[in-house]
$ cat input-v3.cif   # mmCIF, C-alpha atoms and all ligand atoms
data_input
#
loop_
_atom_site.label_atom_id
_atom_site.label_comp_id
_atom_site.auth_asym_id
_atom_site.auth_seq_id
_atom_site.Cartn_x
_atom_site.Cartn_y
_atom_site.Cartn_z
CA MET A 550 240.10 237.01 46.83
CA SER A 551 237.34 239.46 47.68
CA GLY A 552 236.01 240.01 51.17
CA ILE A 553 232.52 239.26 52.37
CA THR A 554 229.55 241.39 51.42
CA PRO A 555 228.78 243.95 54.13
CA SER A 556 225.54 243.92 56.07
CA GLN A 557 222.96 246.71 55.84
CA THR A 558 219.88 247.33 57.92
CA VAL A 559 216.69 245.42 57.10
CA GLY A 560 215.00 248.84 57.30
CA PRO A 561 211.41 249.56 58.29
CA TYR A 562 209.76 248.15 55.16
CA PHE A 563 210.66 244.45 55.10
CA ALA A 564 207.37 242.93 56.21
CA TYR A 565 205.61 242.70 52.85
CA ALA A 566 208.51 240.56 51.61
CA LEU A 567 209.98 238.72 54.61
CA THR A 568 206.98 238.33 56.95
CA PRO A 569 204.03 238.97 54.61
CA THR A 570 201.24 237.76 56.90
CA ARG A 571 199.32 241.00 56.27
CA TYR A 572 200.14 241.14 52.54
CA ALA A 573 199.24 239.15 49.43
CA LEU A 574 202.57 237.35 49.05
CA HIS A 575 202.65 233.65 49.95
CA GLU A 576 204.58 232.97 53.16
CA ILE A 577 207.70 230.82 53.17
CA PHE A 578 208.40 231.13 56.88
CA SER A 579 206.18 230.97 59.89
CA THR A 580 206.14 231.57 63.61
CA ASP A 581 204.92 227.96 63.97
CA LEU A 582 207.74 225.47 63.42
CA THR A 583 205.61 222.44 64.18
CA GLY A 584 203.97 220.48 61.38
CA PRO A 585 201.78 217.41 61.42
CA GLY A 586 203.56 214.51 63.11
CA VAL A 587 206.38 216.56 64.61
CA GLU A 588 208.04 214.67 67.47
CA GLY A 589 208.70 216.14 70.88
CA THR A 590 207.19 218.51 73.37
CA LYS A 591 205.34 221.36 71.71
CA ILE A 592 206.07 224.70 73.38
CA THR A 593 205.14 228.31 72.95
CA LEU A 594 207.71 231.00 73.38
CA THR A 595 206.76 234.64 73.87
CA GLY A 596 208.55 237.86 74.67
CA GLN A 597 209.04 241.47 73.72
CA VAL A 598 211.96 243.24 72.06
CA PHE A 599 212.81 246.54 73.78
CA ASP A 600 215.05 249.45 72.77
CA GLY A 601 217.32 251.48 75.04
CA ASP A 602 214.38 253.57 76.29
CA GLY A 603 212.44 250.46 77.26
CA VAL A 604 210.05 250.98 74.35
CA GLY A 605 208.90 247.90 72.43
CA ILE A 606 210.44 247.79 68.95
CA ALA A 607 207.51 247.61 66.53
CA ASP A 608 209.58 246.90 63.43
CA ALA A 609 211.93 244.13 64.48
CA MET A 610 212.32 240.72 62.89
CA VAL A 611 213.20 237.81 65.16
CA GLU A 612 214.50 234.54 63.72
CA ILE A 613 215.07 231.29 65.60
CA TRP A 614 217.09 228.24 64.55
CA GLN A 615 217.26 224.97 66.42
CA ALA A 616 217.81 221.23 66.61
CA ASP A 617 214.82 218.91 66.72
CA SER A 618 213.51 217.37 69.92
CA LYS A 619 216.20 214.68 69.82
CA GLY A 620 219.05 217.13 69.32
CA SER A 621 219.40 216.16 65.66
CA LEU A 622 220.24 218.61 62.88
CA GLU A 623 219.40 216.15 60.11
CA HIS A 624 216.98 218.78 58.75
CA SER A 625 219.84 221.25 58.31
CA THR A 626 222.62 221.99 55.83
CA LEU A 627 224.81 219.63 57.91
CA GLY A 628 222.36 216.76 57.41
CA SER A 629 220.24 215.56 54.53
CA GLY A 630 218.11 218.71 54.73
CA LYS A 631 215.10 216.50 55.37
CA ALA A 632 213.43 215.38 58.55
CA ASN A 633 210.76 212.69 58.86
CA SER A 634 208.31 215.06 60.42
CA GLY A 635 208.93 217.91 58.01
CA PHE A 636 210.55 219.87 60.84
CA LYS A 637 212.58 222.75 59.37
CA GLY A 638 214.01 224.12 62.61
CA PHE A 639 213.67 227.73 61.50
CA GLY A 640 211.10 230.36 62.37
CA ARG A 641 210.70 234.03 61.62
CA ALA A 642 208.49 236.61 63.32
CA GLU A 643 207.71 240.25 62.71
CA SER A 644 207.38 241.98 66.07
CA ALA A 645 203.97 243.37 67.05
CA ALA A 646 203.28 247.05 67.77
CA ASN A 647 204.49 246.51 71.37
CA GLY A 648 207.62 244.64 70.26
CA GLY A 649 206.02 241.29 71.04
CA TYR A 650 206.93 238.02 69.39
CA THR A 651 205.46 234.50 69.63
CA PHE A 652 206.75 231.18 68.35
CA THR A 653 205.30 227.70 68.51
CA THR A 654 207.98 225.04 68.29
CA VAL A 655 209.30 221.94 70.02
CA LYS A 656 211.78 221.98 72.85
CA PRO A 657 215.13 221.20 71.24
CA GLY A 658 217.27 218.28 72.36
CA ARG A 659 220.93 218.61 73.24
CA VAL A 660 223.49 219.37 70.52
CA ASP A 661 227.22 218.86 70.96
CA GLY A 662 229.18 221.96 71.79
CA ALA A 663 232.57 223.15 70.61
CA ASP A 664 234.13 221.20 73.49
CA GLY A 665 232.43 217.96 72.37
CA LYS A 666 230.09 217.90 75.37
CA PRO A 667 226.33 218.17 74.92
CA GLN A 668 225.02 221.70 75.30
CA ALA A 669 221.91 222.58 77.24
CA PRO A 670 218.80 222.86 75.03
CA HIS A 671 218.82 226.23 73.31
CA LEU A 672 217.70 228.21 70.29
CA GLY A 673 219.96 230.30 68.11
CA VAL A 674 218.39 233.75 67.67
CA THR A 675 219.01 236.62 65.26
CA ILE A 676 217.43 240.07 65.59
CA PHE A 677 217.07 242.49 62.69
CA ALA A 678 215.56 245.98 62.73
CA ARG A 679 215.69 249.49 61.42
CA GLY A 680 218.59 251.07 63.29
CA MET A 681 220.62 247.86 63.22
CA LEU A 682 223.23 247.95 60.48
CA THR A 683 224.30 244.41 61.31
CA HIS A 684 221.97 241.89 62.93
CA LEU A 685 222.45 240.72 66.50
CA PHE A 686 223.03 237.14 67.62
CA THR A 687 221.76 235.78 70.89
CA ARG A 688 220.48 232.50 72.34
CA ILE A 689 217.46 231.36 74.28
CA TYR A 690 217.77 228.68 76.99
CA PHE A 691 215.02 227.25 79.24
CA GLU A 692 214.89 227.70 83.00
CA ASP A 693 213.72 224.16 83.73
CA GLU A 694 216.83 222.48 82.30
CA ALA A 695 219.37 221.28 84.85
CA SER A 696 221.98 221.03 82.09
CA ASN A 697 222.16 224.86 81.96
CA ALA A 698 224.63 224.66 84.84
CA ASP A 699 227.20 222.82 82.70
CA ASP A 700 226.61 224.60 79.39
CA GLN A 701 229.88 225.79 77.92
CA ILE A 702 228.45 228.94 76.39
CA LEU A 703 226.30 229.97 79.36
CA ASN A 704 229.44 229.63 81.43
CA LEU A 705 231.23 232.15 79.22
CA VAL A 706 228.62 234.71 80.25
CA PRO A 707 229.13 236.63 83.51
CA ALA A 708 226.91 234.97 86.14
CA ASP A 709 224.90 238.13 86.77
CA ARG A 710 223.90 238.38 83.09
CA ARG A 711 223.04 234.74 82.37
CA HIS A 712 219.38 235.22 83.22
CA THR A 713 219.01 237.45 80.14
CA LEU A 714 219.38 234.29 78.03
CA ILE A 715 217.10 231.99 80.00
CA ALA A 716 213.39 231.87 79.24
CA ARG A 717 211.10 231.68 82.25
CA LYS A 718 208.50 228.95 82.42
CA VAL A 719 205.17 230.75 82.51
CA GLY A 720 202.78 227.84 82.08
CA ASP A 721 202.52 224.28 80.83
CA ASN A 722 204.99 224.17 77.95
CA ALA A 723 205.00 227.96 77.77
CA TYR A 724 208.13 230.08 78.09
CA HIS A 725 208.79 233.80 78.08
CA LEU A 726 211.90 235.88 77.45
CA ASP A 727 212.19 239.59 76.75
CA ILE A 728 215.06 240.83 74.62
CA ARG A 729 216.54 244.15 75.72
CA ILE A 730 218.77 245.59 73.03
CA GLN A 731 220.29 248.20 75.33
CA GLY A 732 220.25 249.48 78.89
CA GLY A 733 219.41 247.95 82.25
CA ASP A 734 219.31 244.16 82.09
CA GLU A 735 220.64 244.33 78.54
CA THR A 736 220.42 240.95 76.81
CA VAL A 737 223.71 239.19 76.21
CA PHE A 738 224.62 239.35 72.52
CA PHE A 739 227.35 237.32 70.94
CA HIS A 740 229.99 237.89 68.39
CA ALA A 741 229.23 234.86 66.27
CA MET B 1195 229.73 220.77 54.23
CA THR B 1196 231.44 222.17 57.31
CA LEU B 1197 233.17 225.49 56.85
CA ILE B 1198 235.12 227.70 59.21
CA TYR B 1199 234.09 231.29 59.83
CA PRO B 1200 237.04 233.58 60.53
CA ARG B 1201 236.03 236.57 62.63
CA GLU B 1202 238.47 238.89 60.85
CA SER B 1203 236.40 238.91 57.67
CA PHE B 1204 233.33 239.86 59.71
CA PHE B 1205 235.00 242.85 61.37
CA GLU B 1206 236.59 243.96 58.12
CA ALA B 1207 233.29 244.11 56.23
CA HIS B 1208 230.36 244.86 58.50
CA PRO B 1209 229.30 248.23 59.88
CA LYS B 1210 229.51 248.74 63.65
CA HIS B 1211 226.30 248.47 65.65
CA ASP B 1212 226.57 252.04 66.92
CA SER B 1213 226.64 254.72 64.23
CA PRO B 1214 226.88 258.39 65.10
CA THR B 1215 225.39 259.43 61.75
CA TYR B 1216 222.52 256.90 61.48
CA ARG B 1217 220.29 258.18 64.27
CA SER B 1218 218.10 255.13 64.78
CA THR B 1219 221.11 253.10 65.94
CA ALA B 1220 221.35 255.20 69.13
CA LYS B 1221 218.80 253.21 71.16
CA ARG B 1222 219.15 250.01 69.14
CA HIS B 1223 222.71 248.88 69.78
CA PRO B 1224 224.08 246.94 72.76
CA LYS B 1225 226.34 248.91 75.11
CA GLN B 1226 227.75 245.81 76.80
CA PRO B 1227 230.59 244.10 74.95
CA LEU B 1228 229.58 241.20 72.72
CA ILE B 1229 230.74 237.81 73.97
CA ILE B 1230 232.79 235.74 71.54
CA LEU B 1231 230.68 232.69 70.72
CA PRO B 1232 232.50 229.42 70.02
CA HIS B 1233 230.96 227.95 66.87
CA THR B 1234 228.93 224.86 67.70
CA LYS B 1235 226.74 222.77 65.41
CA THR B 1236 223.89 225.18 66.11
CA GLU B 1237 225.82 227.98 64.42
CA LEU B 1238 227.57 225.83 61.81
CA SER B 1239 224.28 224.48 60.46
CA GLY B 1240 221.44 226.33 58.80
CA PRO B 1241 217.95 225.83 57.45
CA VAL B 1242 217.30 224.26 54.05
CA TYR B 1243 214.86 226.04 51.75
CA GLY B 1244 214.98 225.25 48.04
CA HIS B 1245 213.00 225.51 44.84
CA GLU B 1246 209.88 224.08 46.51
CA VAL B 1247 209.20 227.42 48.26
CA ILE B 1248 209.31 229.48 45.06
CA SER B 1249 206.19 230.37 43.09
CA GLU B 1250 205.81 231.40 39.47
CA PHE B 1251 206.77 235.09 38.97
CA ASP B 1252 208.68 235.25 42.27
CA ASN B 1253 211.72 235.98 40.08
CA ASP B 1254 209.94 238.53 37.89
CA LEU B 1255 208.64 241.53 39.81
CA THR B 1256 207.23 243.01 36.60
CA ARG B 1257 204.75 240.18 36.10
CA GLN B 1258 203.05 239.86 39.47
CA HIS B 1259 200.00 241.93 38.53
CA ALA B 1260 197.57 242.37 35.65
CA GLY B 1261 199.61 245.09 33.98
CA GLU B 1262 203.22 246.17 33.77
CA PRO B 1263 204.75 248.47 36.39
CA GLN B 1264 205.99 251.95 35.58
CA GLY B 1265 209.73 252.45 35.43
CA GLU B 1266 212.98 251.33 33.85
CA ARG B 1267 212.92 247.55 33.40
CA ILE B 1268 216.08 245.91 34.79
CA ILE B 1269 217.62 242.47 35.08
CA VAL B 1270 219.75 241.84 38.18
CA GLN B 1271 221.96 238.79 38.27
CA GLY B 1272 225.08 237.50 39.89
CA ARG B 1273 226.62 234.72 41.89
CA VAL B 1274 226.47 233.86 45.57
CA LEU B 1275 229.92 232.72 46.70
CA ASP B 1276 231.71 231.75 49.89
CA GLU B 1277 234.95 233.38 51.03
CA ASP B 1278 236.97 230.92 48.94
CA GLY B 1279 235.06 232.00 45.84
CA ARG B 1280 233.14 228.73 45.62
CA PRO B 1281 229.51 228.96 44.52
CA VAL B 1282 226.77 228.60 47.12
CA PRO B 1283 224.16 226.53 45.27
CA ASN B 1284 220.46 226.07 46.14
CA THR B 1285 220.31 228.91 48.59
CA LEU B 1286 217.31 231.18 49.02
CA VAL B 1287 217.63 234.85 48.06
CA GLU B 1288 214.80 237.20 49.06
CA VAL B 1289 214.61 240.70 47.57
CA TRP B 1290 212.40 243.72 48.16
CA GLN B 1291 212.40 247.29 46.94
CA ALA B 1292 210.57 250.55 46.40
CA ASN B 1293 208.79 251.24 43.12
CA ALA B 1294 210.10 253.59 40.42
CA ALA B 1295 208.75 256.58 42.36
CA GLY B 1296 210.56 255.59 45.55
CA ARG B 1297 207.49 254.28 47.39
CA TYR B 1298 207.15 250.95 49.19
CA VAL B 1299 203.87 249.08 49.44
CA HIS B 1300 204.57 248.65 53.17
CA VAL B 1301 201.72 250.14 55.24
CA VAL B 1302 203.96 252.51 57.22
CA ASP B 1303 205.58 254.13 54.17
CA ASP B 1304 204.00 257.61 53.99
CA HIS B 1305 206.30 259.14 51.35
CA PRO B 1306 203.96 261.23 49.16
CA ALA B 1307 204.87 259.46 45.94
CA PRO B 1308 202.40 257.27 44.06
CA LEU B 1309 201.92 253.58 44.67
CA ASP B 1310 201.95 251.52 41.49
CA PRO B 1311 199.02 249.09 41.28
CA ASN B 1312 201.18 246.86 39.11
CA PHE B 1313 204.15 246.64 41.44
CA SER B 1314 204.55 245.03 44.85
CA GLY B 1315 208.33 244.90 44.92
CA ALA B 1316 208.99 241.52 46.57
CA GLY B 1317 210.75 238.55 45.01
CA ARG B 1318 212.47 235.25 45.79
CA ILE B 1319 215.06 233.28 43.88
CA VAL B 1320 216.99 230.09 44.65
CA THR B 1321 220.56 229.97 43.33
CA ASP B 1322 221.37 227.30 40.74
CA GLU B 1323 224.14 224.69 41.01
CA ASN B 1324 226.69 227.38 40.08
CA GLY B 1325 225.43 229.79 42.74
CA ARG B 1326 223.75 231.98 40.12
CA TYR B 1327 220.61 234.00 40.69
CA ARG B 1328 218.70 236.29 38.32
CA PHE B 1329 215.53 238.32 38.56
CA THR B 1330 213.67 240.95 36.57
CA SER B 1331 212.34 244.13 38.12
CA ILE B 1332 212.20 247.87 37.62
CA LYS B 1333 214.83 250.30 38.89
CA PRO B 1334 213.76 251.51 42.35
CA GLY B 1335 213.58 255.26 42.96
CA PRO B 1336 215.50 257.07 45.70
CA TYR B 1337 213.33 258.10 48.64
CA PRO B 1338 213.49 260.60 51.50
CA TRP B 1339 213.81 259.63 55.15
CA ARG B 1340 213.94 261.61 58.34
CA ASN B 1341 217.44 260.87 59.58
CA HIS B 1342 218.59 264.47 59.01
CA HIS B 1343 217.57 267.51 56.97
CA ASN B 1344 217.04 266.66 53.30
CA ALA B 1345 218.04 263.04 53.75
CA TRP B 1346 217.55 260.73 50.75
CA ARG B 1347 218.44 257.08 50.38
CA PRO B 1348 220.34 256.15 47.22
CA ALA B 1349 218.32 253.78 45.00
CA HIS B 1350 218.67 250.27 46.39
CA ILE B 1351 217.28 246.77 46.44
CA HIS B 1352 217.18 244.92 49.78
CA PHE B 1353 218.58 241.37 49.83
CA SER B 1354 218.26 238.59 52.41
CA LEU B 1355 220.34 235.39 52.12
CA PHE B 1356 220.97 232.22 54.10
CA GLY B 1357 224.01 230.37 52.69
CA HIS B 1358 225.54 227.34 54.38
CA SER B 1359 224.80 228.11 58.03
CA PHE B 1360 223.33 230.39 60.67
CA LEU B 1361 226.65 232.26 60.55
CA SER B 1362 226.43 233.08 56.86
CA ARG B 1363 223.00 234.72 57.25
CA LEU B 1364 223.08 238.14 55.57
CA VAL B 1365 220.66 241.01 55.09
CA THR B 1366 222.01 243.78 52.91
CA GLN B 1367 221.23 246.34 50.20
CA MET B 1368 222.39 246.51 46.60
CA TYR B 1369 223.10 249.92 45.12
CA PHE B 1370 223.59 251.18 41.55
CA GLU B 1371 226.84 252.45 40.05
CA GLY B 1372 227.26 256.21 39.98
CA ASP B 1373 224.48 257.19 42.38
CA PRO B 1374 225.00 260.87 43.33
CA LEU B 1375 223.52 260.23 46.79
CA PHE B 1376 226.35 257.98 48.01
CA PRO B 1377 228.36 260.72 49.77
CA TYR B 1378 225.31 261.78 51.81
CA ASP B 1379 223.97 258.40 52.95
CA PRO B 1380 224.90 257.36 56.51
CA ILE B 1381 223.72 253.78 56.02
CA PHE B 1382 226.08 253.28 53.07
CA ASN B 1383 228.95 255.24 54.64
CA GLU B 1384 228.92 253.31 57.91
CA ILE B 1385 230.34 250.37 55.95
CA PRO B 1386 234.13 250.23 56.42
CA GLU B 1387 235.60 252.23 53.56
CA GLY B 1388 237.36 249.37 51.79
CA ALA B 1389 234.18 247.28 51.69
CA ARG B 1390 231.62 249.80 50.39
CA ASP B 1391 232.18 249.03 46.70
CA ARG B 1392 231.03 245.47 47.31
CA LEU B 1393 227.44 246.70 47.55
CA ILE B 1394 227.47 248.57 44.25
CA SER B 1395 226.10 246.62 41.30
CA LYS B 1396 227.74 247.17 37.92
CA PHE B 1397 225.94 247.99 34.72
CA ASP B 1398 226.56 244.99 32.45
CA LEU B 1399 226.00 245.16 28.69
CA ASP B 1400 226.25 241.36 28.45
CA VAL B 1401 223.29 241.01 30.81
CA THR B 1402 221.36 243.82 29.11
CA GLU B 1403 218.69 242.52 26.72
CA PRO B 1404 218.21 244.45 23.46
CA GLU B 1405 214.91 246.31 23.20
CA TRP B 1406 213.98 245.04 26.67
CA ALA B 1407 215.94 245.73 29.86
CA LEU B 1408 219.20 247.05 31.31
CA GLY B 1409 221.36 244.46 33.04
CA TYR B 1410 223.20 244.76 36.35
CA THR B 1411 225.62 242.29 37.94
CA PHE B 1412 225.90 241.94 41.70
CA ASP B 1413 227.96 239.12 43.23
CA ILE B 1414 227.51 238.36 46.92
CA VAL B 1415 230.16 236.81 49.15
CA LEU B 1416 228.90 235.10 52.31
CA ARG B 1417 230.91 234.16 55.38
CA GLY B 1418 232.58 230.76 55.37
CA ARG B 1419 235.71 229.19 54.01
CA ASN B 1420 237.10 225.72 53.66
CA ALA B 1421 238.62 224.33 56.83
CA THR B 1422 241.53 223.10 54.72
CA PRO B 1423 242.89 226.11 52.83
CA MET B 1424 243.30 225.68 49.10
CA GLU B 1425 246.86 225.60 47.73
CA LYS B 1426 247.89 228.97 46.43
FE FE C 1501 214.89 250.65 51.54
#
$ encode --input "input-v3.cif" --output "structure tokens" --more "lines below"
Ligand SMILES: [Fe+2]
Amino acid sequence: MSGITPSQTVGPYFAYALTPTRYALHEIFSTDLTGPGVEGTKITLTGQVFDGDGVGIADAMVEIWQADSKGSLEHSTLGSGKANSGFKGFGRAESAANGGYTFTTVKPGRVDGADGKPQAPHLGVTIFARGMLTHLFTRIYFEDEASNADDQILNLVPADRRHTLIARKVGDNAYHLDIRIQGGDETVFFHA
Amino acid sequence: MTLIYPRESFFEAHPKHDSPTYRSTAKRHPKQPLIILPHTKTELSGPVYGHEVISEFDNDLTRQHAGEPQGERIIVQGRVLDEDGRPVPNTLVEVWQANAAGRYVHVVDDHPAPLDPNFSGAGRIVTDENGRYRFTSIKPGPYPWRNHHNAWRPAHIHFSLFGHSFLSRLVTQMYFEGDPLFPYDPIFNEIPEGARDRLISKFDLDVTEPEWALGYTFDIVLRGRNATPMEK
């Protein structure tokens, strides 16, 4: 039996293939996960990705993965792969020159956790960039969810670092969370 | 299908986040310890993208423009497998690469080597029911970078794969057998020693097409194994 294939950095030159908004290639993925007829509360999520000097990372790729508004993963590899609304649950963004990212999606419902109890609404997040040999896993929660208090995974995180995973509400259905790869207020990353 | 994802195979294969020889990692790795994440349905599931997202010529990087690109025509093929060696069917594979001169079309690539008007260097393939993928391209050139004095990347093709879940997500690079730049490349050498060979494609005469193109085989193993181990 052979072991798994090692990871290598996405490098600085991925955009024309993976996030080709500015190039001729047709796009498979989008920063907008909502299609016509999608059910649930439409939200926008913004933030910036910062390096250890507090400088925005201009060549990062941020991916999000989530349940639908009812907490269903029917659209995923665990379900039929299809959802009535065409919801795919996956988004990909190339960071802007200042490290900024923006997604439009729906607020996810609650998905069962490893302990069988429903988790607080959250997004799975992966970060790729030049200078990252292996991608980083994190999560994004929402500050206006009372269920955060009982979330199994948030409770694994030291209390003084939990806020690095919780997006602030900055307007009607608008949330904001910066991702700090290193340094003061460093985002919590997981070994997934 | 629900798989389990042993952490040992992850540590055994993947480079560490902090690399003393690959300079850009210095400010781009977490200093706090990573927290072990129990695998919930969020991690154990993944997006579904199949043949419907593929366009004509996505699997032939030599036919995306009016003329043919410069360079050595190659065919790259292989299988995408899980840790039990079972095929991963219907999974999206994205590839991108430099042209034969070692230049990317990306706007920030300023290497003074020529762009090729007949080569963009991006492709997509979906694996078949046996986990097989195959695409046609040209052999990418090595290119310089500024990591250290006289630093050159070995020729490589970038790969991005999904597999069965968010945990099997992989971005990597495929290299070519016998590249003289291997000993000098920090990105390649930060892979644990026993796992480096897994990124080196093999010249394959059976894949090579007479009077047409050299063939290379590159199998990819993604995280994930059956919850019930197979009998040995
Ligand atoms: Fe590259």
$ closest_residue --input "input-v3.cif" --among "B:Pro1311, B:Asp1276, B:Ile1381, B:Pro1227" --to "ligand FE 1501 (chain C)" --atoms "all atoms listed in the file"
B:Ile1381
$ closest_atom_pairs --input "input-v3.cif" --of "chain B" --to "chain A" --cutoff "7 Å" --atoms "all atoms listed in the file" --output "JSON lines"
{"residue": "B:Met1195", "atom": "CA", "partner": "A:Leu627", "partner_atom": "CA", "distance": 6.2}
{"residue": "B:Ser1203", "atom": "CA", "partner": "A:Ile553", "partner_atom": "CA", "distance": 6.6}
{"residue": "B:Ala1207", "atom": "CA", "partner": "A:Pro555", "partner_atom": "CA", "distance": 5.0}
{"residue": "B:His1208", "atom": "CA", "partner": "A:Pro555", "partner_atom": "CA", "distance": 4.7}
{"residue": "B:Pro1209", "atom": "CA", "partner": "A:Leu682", "partner_atom": "CA", "distance": 6.1}
{"residue": "B:His1211", "atom": "CA", "partner": "A:Leu682", "partner_atom": "CA", "distance": 6.0}
{"residue": "B:Ser1218", "atom": "CA", "partner": "A:Gly680", "partner_atom": "CA", "distance": 4.4}
{"residue": "B:Thr1219", "atom": "CA", "partner": "A:Gly680", "partner_atom": "CA", "distance": 4.2}
{"residue": "B:Lys1221", "atom": "CA", "partner": "A:Gly601", "partner_atom": "CA", "distance": 4.5}
{"residue": "B:Arg1222", "atom": "CA", "partner": "A:Asp600", "partner_atom": "CA", "distance": 5.5}
{"residue": "B:His1223", "atom": "CA", "partner": "A:Ile730", "partner_atom": "CA", "distance": 6.1}
{"residue": "B:Pro1224", "atom": "CA", "partner": "A:Gln731", "partner_atom": "CA", "distance": 4.7}
{"residue": "B:Lys1225", "atom": "CA", "partner": "A:Gln731", "partner_atom": "CA", "distance": 6.1}
{"residue": "B:Leu1228", "atom": "CA", "partner": "A:Phe739", "partner_atom": "CA", "distance": 4.8}
{"residue": "B:Ile1229", "atom": "CA", "partner": "A:Phe739", "partner_atom": "CA", "distance": 4.6}
{"residue": "B:Ile1230", "atom": "CA", "partner": "A:His740", "partner_atom": "CA", "distance": 4.7}
{"residue": "B:Leu1231", "atom": "CA", "partner": "A:Ala741", "partner_atom": "CA", "distance": 5.2}
{"residue": "B:Pro1232", "atom": "CA", "partner": "A:Ala663", "partner_atom": "CA", "distance": 6.3}
{"residue": "B:His1233", "atom": "CA", "partner": "A:Ala663", "partner_atom": "CA", "distance": 6.3}
{"residue": "B:Thr1234", "atom": "CA", "partner": "A:Ala663", "partner_atom": "CA", "distance": 5.0}
{"residue": "B:Lys1235", "atom": "CA", "partner": "A:Asp661", "partner_atom": "CA", "distance": 6.8}
{"residue": "B:Thr1236", "atom": "CA", "partner": "A:Gln615", "partner_atom": "CA", "distance": 6.6}
{"residue": "B:Ser1239", "atom": "CA", "partner": "A:Leu627", "partner_atom": "CA", "distance": 5.5}
{"residue": "B:Gly1240", "atom": "CA", "partner": "A:Ser625", "partner_atom": "CA", "distance": 5.3}
{"residue": "B:Pro1241", "atom": "CA", "partner": "A:Ser625", "partner_atom": "CA", "distance": 5.0}
{"residue": "B:Val1242", "atom": "CA", "partner": "A:Gly630", "partner_atom": "CA", "distance": 5.6}
{"residue": "B:Val1247", "atom": "CA", "partner": "A:Ile577", "partner_atom": "CA", "distance": 6.2}
{"residue": "B:Glu1277", "atom": "CA", "partner": "A:Ile553", "partner_atom": "CA", "distance": 6.5}
{"residue": "B:Trp1290", "atom": "CA", "partner": "A:Ala566", "partner_atom": "CA", "distance": 6.1}
{"residue": "B:His1300", "atom": "CA", "partner": "A:Tyr562", "partner_atom": "CA", "distance": 5.6}
{"residue": "B:Ala1316", "atom": "CA", "partner": "A:Ala566", "partner_atom": "CA", "distance": 5.2}
{"residue": "B:His1358", "atom": "CA", "partner": "A:Thr626", "partner_atom": "CA", "distance": 6.3}
{"residue": "B:Ser1359", "atom": "CA", "partner": "A:Thr626", "partner_atom": "CA", "distance": 6.9}
{"residue": "B:Leu1361", "atom": "CA", "partner": "A:Ala741", "partner_atom": "CA", "distance": 6.8}
{"residue": "B:Leu1364", "atom": "CA", "partner": "A:Ser556", "partner_atom": "CA", "distance": 6.3}
{"residue": "B:Val1365", "atom": "CA", "partner": "A:Ser556", "partner_atom": "CA", "distance": 5.8}
{"residue": "B:Thr1366", "atom": "CA", "partner": "A:Gln557", "partner_atom": "CA", "distance": 4.3}
{"residue": "B:Gln1367", "atom": "CA", "partner": "A:Gln557", "partner_atom": "CA", "distance": 5.9}
{"residue": "B:Ile1385", "atom": "CA", "partner": "A:Pro555", "partner_atom": "CA", "distance": 6.9}
{"residue": "B:Ala1389", "atom": "CA", "partner": "A:Pro555", "partner_atom": "CA", "distance": 6.8}
{"residue": "B:Arg1392", "atom": "CA", "partner": "A:Thr554", "partner_atom": "CA", "distance": 6.0}
{"residue": "B:Leu1393", "atom": "CA", "partner": "A:Thr554", "partner_atom": "CA", "distance": 6.9}
{"residue": "B:Ile1414", "atom": "CA", "partner": "A:Thr554", "partner_atom": "CA", "distance": 5.8}
{"residue": "B:Val1415", "atom": "CA", "partner": "A:Ile553", "partner_atom": "CA", "distance": 4.7}
{"residue": "B:Leu1416", "atom": "CA", "partner": "A:Ile553", "partner_atom": "CA", "distance": 5.5}
{"residue": "B:Arg1417", "atom": "CA", "partner": "A:Ile553", "partner_atom": "CA", "distance": 6.1}
$ residues_near_ligand --input "input-v3.cif" --ligand "ligand FE 1501 (chain C)" --cutoff "7 Å" --atoms "all atoms listed in the file" --output "count of residues only"
7
$ atom_distance --input "input-v3.cif" --atom1 "atom CA of B:Asn1293" --atom2 "atom CA of B:Ile1268"
12.3 Å
$ atom_distance --input "input-v3.cif" --atom1 "atom CA of B:Gly1317" --atom2 "atom CA of B:Asp1254"
7.2 Å
$ atom_distance --input "input-v3.cif" --atom1 "atom CA of B:Gly1272" --atom2 "atom CA of B:Thr1411"
5.2 Å
$ residues_near_point --input "input-v3.cif" --point "(211.3, 220.3, 74.5)" --cutoff "12 Å" --atoms "all atoms listed in the file" --output "MDAnalysis selection string"
chainID A and resid 583 587:594 615:620 653:659 669:672 690:694 721:724
$ residues_around --input "input-v3.cif" --residues "A:Ser644" --least-positions-apart "6" --cutoff "10 Å" --atoms "all atoms listed in the file" --output "tab-separated table (two decimals) with C-alpha atoms, in the frame of the given file"
chain	number	residue	atom	x	y	z
A	564	ALA	CA	207.37	242.93	56.21
A	568	THR	CA	206.98	238.33	56.95
A	596	GLY	CA	208.55	237.86	74.67
A	597	GLN	CA	209.04	241.47	73.72
A	598	VAL	CA	211.96	243.24	72.06
A	605	GLY	CA	208.90	247.90	72.43
A	606	ILE	CA	210.44	247.79	68.95
A	607	ALA	CA	207.51	247.61	66.53
A	608	ASP	CA	209.58	246.90	63.43
A	609	ALA	CA	211.93	244.13	64.48
A	610	MET	CA	212.32	240.72	62.89
A	611	VAL	CA	213.20	237.81	65.16
A	650	TYR	CA	206.93	238.02	69.39
A	651	THR	CA	205.46	234.50	69.63
A	678	ALA	CA	215.56	245.98	62.73
$ residues_around --input "input-v3.cif" --residues "B:Gly1265" --least-positions-apart "5" --cutoff "7 Å" --atoms "all atoms listed in the file" --output "MDAnalysis selection string"
chainID B and resid 1294 1332:1333
$ closest_residue --input "input-v3.cif" --among "A:Asn697, A:Asp734, A:Gly649, A:Glu612" --to "A:Ile676" --atoms "only C-alpha atoms"
A:Glu612
